[in-house]
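Only one structure is covered here, and it is reproduced in the block below.
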Amino acid sequence: MNHPFVIVPSLAAIAIAYTQGNLIADEAMPRVPVLTETFRYLQHELADAFLAPETRVGRKSAPNQLDWGSKELSATVEDHALDAPVPNADQLAWENARQAAGGNVSAPDPQARAAKLVMQSVQNRREKRVADLIFNATSYAAGNKVVMTDEFWDDYAGSDPLVQIDDLLDSMVMRPNIAIFGRRVASKLQRHPKVCKAVFGNNTDAGKVSLAALAAEIGVEKILVGDARLNTAKPGQQPTLARVWGNHAAFICRNKEADTQAGVTFGLTAEYGDKVGGVIEDADVGMRGGVRVRAGESVKELITAGDLGYFVQNAISA
């Protein structure tokens, strides 16, 4: 693949390996490889998940064939990348210090540090894209969403979230295996007296249950909690940190074996090629010139089966 900049293997390795512990986008909408930038994918009909045609085959007859109702659609990955300037003076100073120390210097390589910072910001932006899809009522089937106006889950006297969640999940054609909560929703649920009593027993209605215990109680394999924040202030202004994942909850069927051509899952991320990392010579970086370190990826987040999720908007009051 041709790039308008020099791919640096060490920087590419940093981009590929980079992960942030508090981001959940890759778990919520797993990555699957695609072979071309523009690709075909299946948007599944509800019936596809429940096909059970006659499987018995006569001794000389042909087996029945599956007839998928899925729509084949076209999509194109989007390139997401950022640059960070590194003056030649900074890189030269580091290399001189490294040589003087016999190759052992505690300060990080300026270009490697820039690649990490760039990839962090690229992944922060991906987190927002995924949150904006999953915490969006338009991503769900008409009967699979509710806007809470009372019995909020932080109303400890007036709500019973375990009953509410059980009822809404029972209303779905396929019970979800993953729950996704904004951080404040998760914290309120973990301390809800009725949740504590259900988990701890012995009439104990105080404390804080673990996420694993809460997941077991509501009947999902795992709870993903959105902790990420983004700085929404303009460059140079005082930082304003806003939560990426709001006061909502989503329950989805996640199939890690699904890809763009087979398998039914609520959503996935098409990924073309590896993440990239490299440099572009830039004479306007500092007096002595420098490079712009670039890192990025080509991805497209897709909702492929909106029937296989349930969205609770405004799960808590504030």
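Here, A, B, ... name the chains of the structure tokens in the order displayed, residue numbers run from 1 inside each chain, and ligands are numbered from 1 in the same displayed order.
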
Inset, instruction - With a distance cut-off of 6 Å and only C-alpha atoms, select the neighbouring residues of stretch 296-310 of chain A, excluding the residue or stretch itself and same-chain residues fewer than 2 positions from it, and output the selection as a list in words. - result: Gln43, His44, Val77, Glu78, Asp79, His80, Ala81, Ser139, Tyr140, Ala141, Asn144, Lys145, Ala250, Phe251, Ile252, Cys253, Phe266, Gly267, Leu268, Thr269, Ala270, Glu271, Tyr272, Lys275 and Val276 of chain A

Inset, instruction - Enumerate, as a VMD selection string, the complete set of residues in stretch 81-266 of chain A that a backbone-based DSSP assignment places in strand (DSSP E). - result: chain A and resid 81 to 87 145 to 147 178 to 182 222 to 226 229 to 231 241 to 243 249 to 252

Inset, instruction - Can you pull out every residue within 8 Å of stretch 220-234 of chain A, counting only C-alpha atoms, but drop anything in the same chain fewer than 5 positions away, and send it as a ChimeraX atom specification? - result: /A:22-24,27-28,124,127,176-183,186,211-212,215,239-245

Legend entry - Best match for closeness to A:Arg292 among A:Thr265, A:Ser187, A:Ser61, A:Asn88, counting only C-alpha atoms: A:Asn88

Inset, instruction - Determine, counting only C-alpha atoms, which protein, DNA and RNA residues have an atom within 8 Å of an atom of A:Thr38; residues of the same chain fewer than 4 positions away are not included. Present the result as a ChimeraX atom specification. - result: /A:74-77

Inset, instruction - Within stretch 33-251 of chain A, find each residue whose DSSP state, derived from the backbone, is alpha helix (DSSP H), and express the selection as a PyMOL selection string. - result: chain A and resi 88-100+110-134+161-170+183-191+193-200+211-218

Could those selected residues go to a file with C-alpha atoms, as a tab-separated table (two decimals), in the first residue's frame?
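In the end it all went to out_21.tsv:
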chain	number	residue	atom	x	y	z
A	88	ASN	CA	14.90	18.04	14.33
A	89	ALA	CA	16.62	19.77	17.26
A	90	ASP	CA	14.62	17.67	19.74
A	91	GLN	CA	15.36	14.42	17.93
A	92	LEU	CA	19.06	15.26	17.57
A	93	ALA	CA	19.37	16.13	21.26
A	94	TRP	CA	17.80	12.80	22.22
A	95	GLU	CA	20.02	10.83	19.86
A	96	ASN	CA	23.14	12.59	21.20
A	97	ALA	CA	22.08	11.86	24.79
A	98	ARG	CA	21.42	8.25	23.89
A	99	GLN	CA	24.85	7.87	22.25
A	100	ALA	CA	26.58	9.50	25.22
A	110	PRO	CA	10.49	12.23	20.75
A	111	GLN	CA	9.07	10.61	17.64
A	112	ALA	CA	7.87	7.54	19.55
A	113	ARG	CA	6.28	9.76	22.19
A	114	ALA	CA	4.54	11.76	19.46
A	115	ALA	CA	3.21	8.56	17.85
A	116	LYS	CA	1.70	7.45	21.17
A	117	LEU	CA	0.07	10.82	21.78
A	118	VAL	CA	-1.33	10.91	18.25
A	119	MET	CA	-2.73	7.39	18.49
A	120	GLN	CA	-4.27	8.21	21.86
A	121	SER	CA	-6.19	11.08	20.29
A	122	VAL	CA	-7.22	8.97	17.28
A	123	GLN	CA	-8.60	6.31	19.63
A	124	ASN	CA	-10.33	8.94	21.79
A	125	ARG	CA	-12.17	10.09	18.69
A	126	ARG	CA	-13.10	6.51	17.80
A	127	GLU	CA	-14.53	6.08	21.29
A	128	LYS	CA	-16.82	9.04	20.67
A	129	ARG	CA	-17.96	7.69	17.30
A	130	VAL	CA	-18.87	4.33	18.83
A	131	ALA	CA	-20.61	5.96	21.80
A	132	ASP	CA	-22.59	8.18	19.43
A	133	LEU	CA	-23.78	5.06	17.58
A	134	ILE	CA	-24.58	2.84	20.55
A	161	PRO	CA	-33.95	-1.68	38.10
A	162	LEU	CA	-33.55	-5.46	38.23
A	163	VAL	CA	-37.25	-5.94	37.46
A	164	GLN	CA	-37.19	-3.19	34.85
A	165	ILE	CA	-34.14	-4.63	33.08
A	166	ASP	CA	-35.54	-8.16	33.23
A	167	ASP	CA	-38.81	-7.05	31.66
A	168	LEU	CA	-37.21	-5.13	28.81
A	169	LEU	CA	-34.74	-7.89	28.01
A	170	ASP	CA	-37.53	-10.48	28.06
A	183	ARG	CA	-20.00	5.40	34.33
A	184	ARG	CA	-22.57	7.24	36.44
A	185	VAL	CA	-25.28	4.73	35.52
A	186	ALA	CA	-23.04	1.83	36.52
A	187	SER	CA	-22.13	3.44	39.84
A	188	LYS	CA	-25.76	4.16	40.72
A	189	LEU	CA	-26.78	0.60	39.87
A	190	GLN	CA	-23.92	-0.91	41.87
A	191	ARG	CA	-25.13	0.95	44.98
A	193	PRO	CA	-30.39	-0.98	47.64
A	194	LYS	CA	-32.46	-3.54	45.73
A	195	VAL	CA	-29.39	-4.63	43.75
A	196	CYS	CA	-27.33	-4.92	46.93
A	197	LYS	CA	-30.06	-6.96	48.60
A	198	ALA	CA	-30.37	-9.29	45.61
A	199	VAL	CA	-26.61	-9.88	45.47
A	200	PHE	CA	-25.61	-9.82	49.14
A	211	LEU	CA	-19.65	-5.41	38.03
A	212	ALA	CA	-19.28	-9.18	37.68
A	213	ALA	CA	-21.99	-9.77	40.31
A	214	LEU	CA	-24.26	-7.19	38.66
A	215	ALA	CA	-23.74	-8.85	35.27
A	216	ALA	CA	-24.68	-12.23	36.71
A	217	GLU	CA	-27.76	-10.75	38.37
A	218	ILE	CA	-29.13	-9.21	35.17

Legend entry - Proximity to A:Ala206 - best of A:Ala249, A:His192, A:Pro108, A:Ala157, only C-alpha atoms: A:His192
